[in-house]
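Here is the structure we will look at.
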Amino acid sequence: MIELTVDGIKVLAEEGMSLLEVVRGAGFEVPTLCNHPAVEPYGACRLCQLQVSRGNWSRLVASCIFPAQDGLVVSTRSEEVVRARRMLLGLLWSRCPSSTVIGDLARSYGLQRPPFPARDEACILCGLCVRFCRERVGAEAIGFQGRGPERRVGTPFDLPSEPCYSCRACAGICPIGTIHYEEVPGREAVRWYTAYEGDQQPLPRARVDTATCSGAGCAACLTVCPVGCIRLVAAPEKGEAQTVALVDRDACVGCRYCEKICLKNAMQMEPAQENPVTRATVKESIDG
Amino acid sequence: MPRLADAVALANHRRELKNAARHARAPVTVCCGTGCRAKGAMEVFAALSDKVGASPLGERHEIRQSGCRGFCERGPMVIVGNEELHYEGVTPKHATQIVQETLGNGTVLKPLLYRDPVAKQMVERDPDIPFYANQMRLVLRNCGRADPRSLDDYIAEGSYGALAKALTTMYPEEIIETIEKAGLRGRGGAGFPTGAKWQMCRKAPGKPKYIICNADEGDPGAFMDRSVLEGDPHSVIEGMVIGAYAIGASEGYIYVRAEYPLAVENFTRALEQAASYGLLGEDILGSGFSFAMRVQLIGSFRQSLSHWLGDDSFDFNLRVSLGGGAFVCGEETALMASIEGRAGEPRPKPPFPAQEGLWGLPTNINNVETWATVPLIIERGADWYRGIGTESSKGTKIFSLVGKVKNTGLVEVPMGTTLRKIIFEIGGGTLKDRPFKAVQTGGPSGGCIPAEHLDTPVDYEKLQALGSMMGSGGMIVMDERTCMVDVARYFVTFLEGESCGKCLPCREGTQRIREILSRITQGKGELADIEQLEELCPVIRQTSLCGLGQTAPNPVLSTLRYFRDEYMEHIVEKRCRSGTCKALVNFIVLPEKCTGCMACLKVCPADAIQGALKQAHVIDPNHCDRCGSCFDCCRFDAIIVQ
């Protein structure tokens, strides 16, 4: 166990945890867009800046990729942290002025309007969709193209991607809900593009048919769920000590892993009520 | 040549070569580095070989090739005989003259000599030229002397002596201690202590360990790594084998830009030769230490390069990897990703390469110049090396002196040499003796240092304190015709395009800086722009993922620090005093000074100048392209920038 001081409060943590995990676990609010517990930390959006210091040494770090260390003094809302986040949000907002997620976040840091000439991009290049597709789905159906200002996310040659089996988890995990798809007739793949939120179709979310689910007797869905949004709950109506699976529909990204593995066809995909999920809700629901 | 069985065999071979050299023919050395080749050095070499071979002089003289001599401005260069006469700007037409008059009669060809712009006199001997005389060429000692195609040349000069010493008389820990004590710091830019880096890698668990030579030299105007690889590949190989022995590594890679074909060719040939002598591969010099190497080509250049590399796998384990042409691949984690075949994008550190590097195993990465310095320290000792340089920075550093300076070339000086000495004594001052304005050091993400700091002794800390950095050692001299806002815009545009795009502040931030600077140079700037730059730059520096982004605001911050008045002129007065920013410039002719020589009229590409002989000319602003050619060619200062 290691001990850190976060905004003056002592916090205990396991060695090997990232600073972000520790600080969020202790109940502090840290904004992120590129971080998700289901995939490896990446450090692209840089919004999770925290000020760390030890003695006279002090600096800003991207907390998602900074290992928690014993004795570290952390400040989550120092003047420097707020200044850096405000500028980063200003850059993001100017890139994607139509995003309500970013707009709300930017306003909460005191910005009134995008500080630079607006560019009207739909994607913030956080890489969550690319990483989820590679690390969790294993399909690598989408990837980054280009370098520097040319960088964007897409399918090979912008055609429906061969390995894509239209799980749509990319759209589900997108922090600003910008990924759109069209069904390709006769194929499982989707035609993939990014556009503004608003005109997005409802995304599929898993729902358990409690009548057919065998609960703890099977629990296969729990083991395959890449985001860990399924848990077992007591089902007294089915008998004593009986359980069924329950999907946290805010955290579900709709990847259909559970649907494919369920032997009883108890997992059904249904359109979600609200889109998109924000990272904060995903994190909270998983912690909860 | 059979394998050298042990250190004694190497020493014997060296003695034989030195004895043979005493009876050898006098050398006529043609510099065949990339710069001289571009100016026709190979044709000069062919013409000289032809003329000498056909005459009885061939018995007394030998025409040789060498690697880059560093004085690229003056190429092609020929160094004649044991007295080392320096001929420059040689063309194949001069071959007959050189052979007949200098080799035959012993007369010196005056028109081919170097004329010193400071003392205004001819210099005959190469070592007497101030450009060389004021340098301390240690790492470059063999460049321009030995023939890169012949390992024997280097052995005769003393190469691989340090390797024999290290393998036969030193423990690995002892080598690391020596490097630590010598105070060698990484020459790639960051200046991290090399010994400490080696120590970390040696202690890291995991096998095999790798060492990498970073030859992805991408700074505009910098070419010291290329020259060392071309002119002295063996010092790099020797340094790497010593490093491998000290760290406990068994395999090595070199990551070279594909744009350096001659360096790749010379280095690959050197690898093969070293392996055939047993200086690389299994059981090096009978010590039992093996360091295997393999030449492996990646990328689309494989086909075009295979003709001089033959099969793509050799049986020795230093691999040559050709870069995909990305500046960011000089960053160590991006470089390793590129060798592994992934996109060259930096990843967060820790874990450091010494802990988890190439293929997840402990890896030590050093720059070309750092590796080439290692044999010197092992051979002559840490105390000797500590004696050179300043308190915090030891040894010598190679700078590539370019821009508006008379003697363009590679300059190796001890740390602590002043900028003034480098630019005015070695470099010979600014072109046309125009007033000096600034020197840009440290590559694209370095900073501009103004005239009042010319007497600063150059070392890692001093340059940083001035808002610039050592970088890999680029030095771009600027005179009054350079606009500092435009310079900042140029470097930021370079960095914007070379950013990998992974992290937000570097990708978006450099784009926004470029937009703001472009506005200012177009005359659309506002005072709020400067405020915005000053808010944006520190955030990019603090929050970017890798060194590229963290240093990207340097060009802006340093020019804002020293040349704020120029920014103000652009924004408030809508004027560019250097005549660079086309939207803000008008060239006009002062009729009282104009002699009507018609020189400007002839050079004007837009035919915007009217006038007749001996009558004052007029520039038509509607047709003028603002290229400044007239301004540059006028010898009477009759054209001014308004």
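Identifiers in this document derive from the order of the structure tokens: chains are assigned A, B, ..., residues are numbered from 1 separately in each chain, and ligands are numbered from 1 in order of occurrence.
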
Using only C-alpha atoms, tabulate the residues of chain B lying at most 6 Å from any atom of chain A, each with its closest atom pair and that distance in Å to one decimal, by chain and increasing residue number, as a Markdown table.
| residue | atom | partner | partner_atom | distance |
| --- | --- | --- | --- | --- |
| B:Gly497 | CA | A:Gly148 | CA | 5.5 |
| B:Ser499 | CA | A:Gly148 | CA | 4.7 |
| B:Cys500 | CA | A:Gly148 | CA | 4.7 |
| B:Gly501 | CA | A:Gly148 | CA | 4.0 |
| B:Lys502 | CA | A:Ala44 | CA | 5.7 |
| B:Cys503 | CA | A:Ala44 | CA | 4.1 |
| B:Leu504 | CA | A:Cys45 | CA | 5.4 |
| B:Arg507 | CA | A:Gly148 | CA | 5.8 |
| B:Val539 | CA | A:Ala84 | CA | 5.5 |

Produce a file of the selected residues containing C-alpha atoms, as an mmCIF file, in the first residue's frame.
data_model
loop_
_atom_site.group_PDB
_atom_site.id
_atom_site.type_symbol
_atom_site.label_atom_id
_atom_site.label_comp_id
_atom_site.auth_asym_id
_atom_site.auth_seq_id
_atom_site.Cartn_x
_atom_site.Cartn_y
_atom_site.Cartn_z
ATOM 1 C CA GLY B 497 3.449 18.626 -40.103
ATOM 2 C CA SER B 499 3.649 15.976 -35.115
ATOM 3 C CA CYS B 500 2.321 12.434 -35.047
ATOM 4 C CA GLY B 501 -1.092 13.793 -34.082
ATOM 5 C CA LYS B 502 -1.640 11.496 -31.135
ATOM 6 C CA CYS B 503 -1.925 14.015 -28.330
ATOM 7 C CA LEU B 504 -4.164 17.062 -28.400
ATOM 8 C CA ARG B 507 -1.524 18.432 -32.793
ATOM 9 C CA VAL B 539 0.219 24.834 -21.948
#

Which of region 418-528 of chain B DSSP labels strand (DSSP E), written as number ranges by chain
B: 436-441, 447-450, 474-479

To one decimal place, how far is CA of Asp219 (chain B) from CA of Ala196 (chain B) in Å?
26.1 Å

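Each of B:Glu332, B:Ser276, B:Val458, B:Pro553 was compared to Met470 (chain B) using only C-alpha atoms, and B:Val458 turns out to be the nearest.
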
For Leu548 (chain B), work out the shell of residues within 12 Å, counting only C-alpha atoms and skipping chain neighbours fewer than 4 positions away, then give it as a PyMOL selection string.
(chain A and resi 148) or (chain B and resi 189-190+218-219+326-332+334+345-346+443-446+471+492+494-503+505-507+510+540-544+552-554)

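Reported to one decimal place, the separation of CA of Arg257 (chain B) from CA of Glu217 (chain B) is 7.0 Å.
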
With distances taken over only C-alpha atoms, which residue among B:Ala382, B:Ile63, B:Ala9, B:Cys604 lies nearest Leu279 (chain B)?
B:Ala9

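Put simply, CA of Thr268 (chain B) is 26.3 Å away from CA of Val8 (chain B).
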
Could you pull the residues within 6 Å of Glu526 (chain B), counting only C-alpha atoms, minus those fewer than 2 positions along the same chain, as a short mmCIF file (atom, residue, chain, number, x, y, z; two decimals) with all heavy atoms, in the first residue's frame?
data_model
loop_
_atom_site.label_atom_id
_atom_site.label_comp_id
_atom_site.auth_asym_id
_atom_site.auth_seq_id
_atom_site.Cartn_x
_atom_site.Cartn_y
_atom_site.Cartn_z
N ALA B 528 -4.16 41.12 -29.51
CA ALA B 528 -4.67 39.98 -28.74
C ALA B 528 -3.99 38.68 -29.16
O ALA B 528 -3.92 37.72 -28.37
CB ALA B 528 -6.17 39.86 -28.92
N ASP B 529 -3.47 38.65 -30.39
CA ASP B 529 -2.80 37.43 -30.86
C ASP B 529 -1.58 37.11 -29.99
O ASP B 529 -1.30 35.94 -29.71
CB ASP B 529 -2.36 37.60 -32.30
CG ASP B 529 -3.55 37.53 -33.26
OD1 ASP B 529 -4.58 36.98 -32.85
OD2 ASP B 529 -3.43 38.03 -34.38
N ILE B 571 2.34 43.90 -36.25
CA ILE B 571 0.93 44.02 -35.86
C ILE B 571 0.46 45.48 -35.88
O ILE B 571 -0.59 45.79 -36.43
CB ILE B 571 0.74 43.43 -34.44
CG1 ILE B 571 0.97 41.92 -34.50
CG2 ILE B 571 -0.65 43.73 -33.93
CD1 ILE B 571 1.06 41.27 -33.15
#

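Taking only C-alpha atoms into account, Glu21 (chain A) lies nearest to A:Ala68 out of the set A:Val101, A:Met269, A:Ala68, A:Leu4.
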
Pick from A:Gln268, A:Ser63, A:Ser58, A:Ser53 nearest to Ser18 (chain A), counting only C-alpha atoms
A:Ser63

Just the residues within 7 Å of Asn364 (chain B), please, counting only C-alpha atoms, with nothing from its chain fewer than 3 positions along; format it as a tab-separated table (two decimals) with N, CA, C and O atoms, in the first residue's frame.
chain	number	residue	atom	x	y	z
B	198	TRP	N	23.25	3.60	-19.34
B	198	TRP	CA	23.80	2.25	-19.52
B	198	TRP	C	23.59	1.43	-18.26
B	198	TRP	O	23.22	0.26	-18.31
B	201	CYS	N	20.11	0.17	-17.87
B	201	CYS	CA	19.82	-0.92	-18.79
B	201	CYS	C	20.54	-2.20	-18.34
B	201	CYS	O	20.00	-3.30	-18.42
B	210	TYR	N	18.87	-5.13	-25.95
B	210	TYR	CA	19.18	-4.56	-27.26
B	210	TYR	C	19.87	-3.22	-27.10
B	210	TYR	O	19.65	-2.51	-26.12
B	211	ILE	N	20.70	-2.90	-28.08
B	211	ILE	CA	21.16	-1.51	-28.16
B	211	ILE	C	20.80	-0.97	-29.53
B	211	ILE	O	20.75	-1.71	-30.51
B	212	ILE	N	20.51	0.30	-29.55
B	212	ILE	CA	20.07	0.94	-30.80
B	212	ILE	C	20.89	2.20	-31.02
B	212	ILE	O	21.19	2.94	-30.09
B	353	PRO	N	12.79	2.96	-21.95
B	353	PRO	CA	13.35	1.91	-22.81
B	353	PRO	C	14.31	0.98	-22.07
B	353	PRO	O	14.38	-0.21	-22.39
B	354	ALA	N	15.03	1.52	-21.09
B	354	ALA	CA	15.97	0.67	-20.35
B	354	ALA	C	15.22	-0.43	-19.60
B	354	ALA	O	15.79	-1.49	-19.32
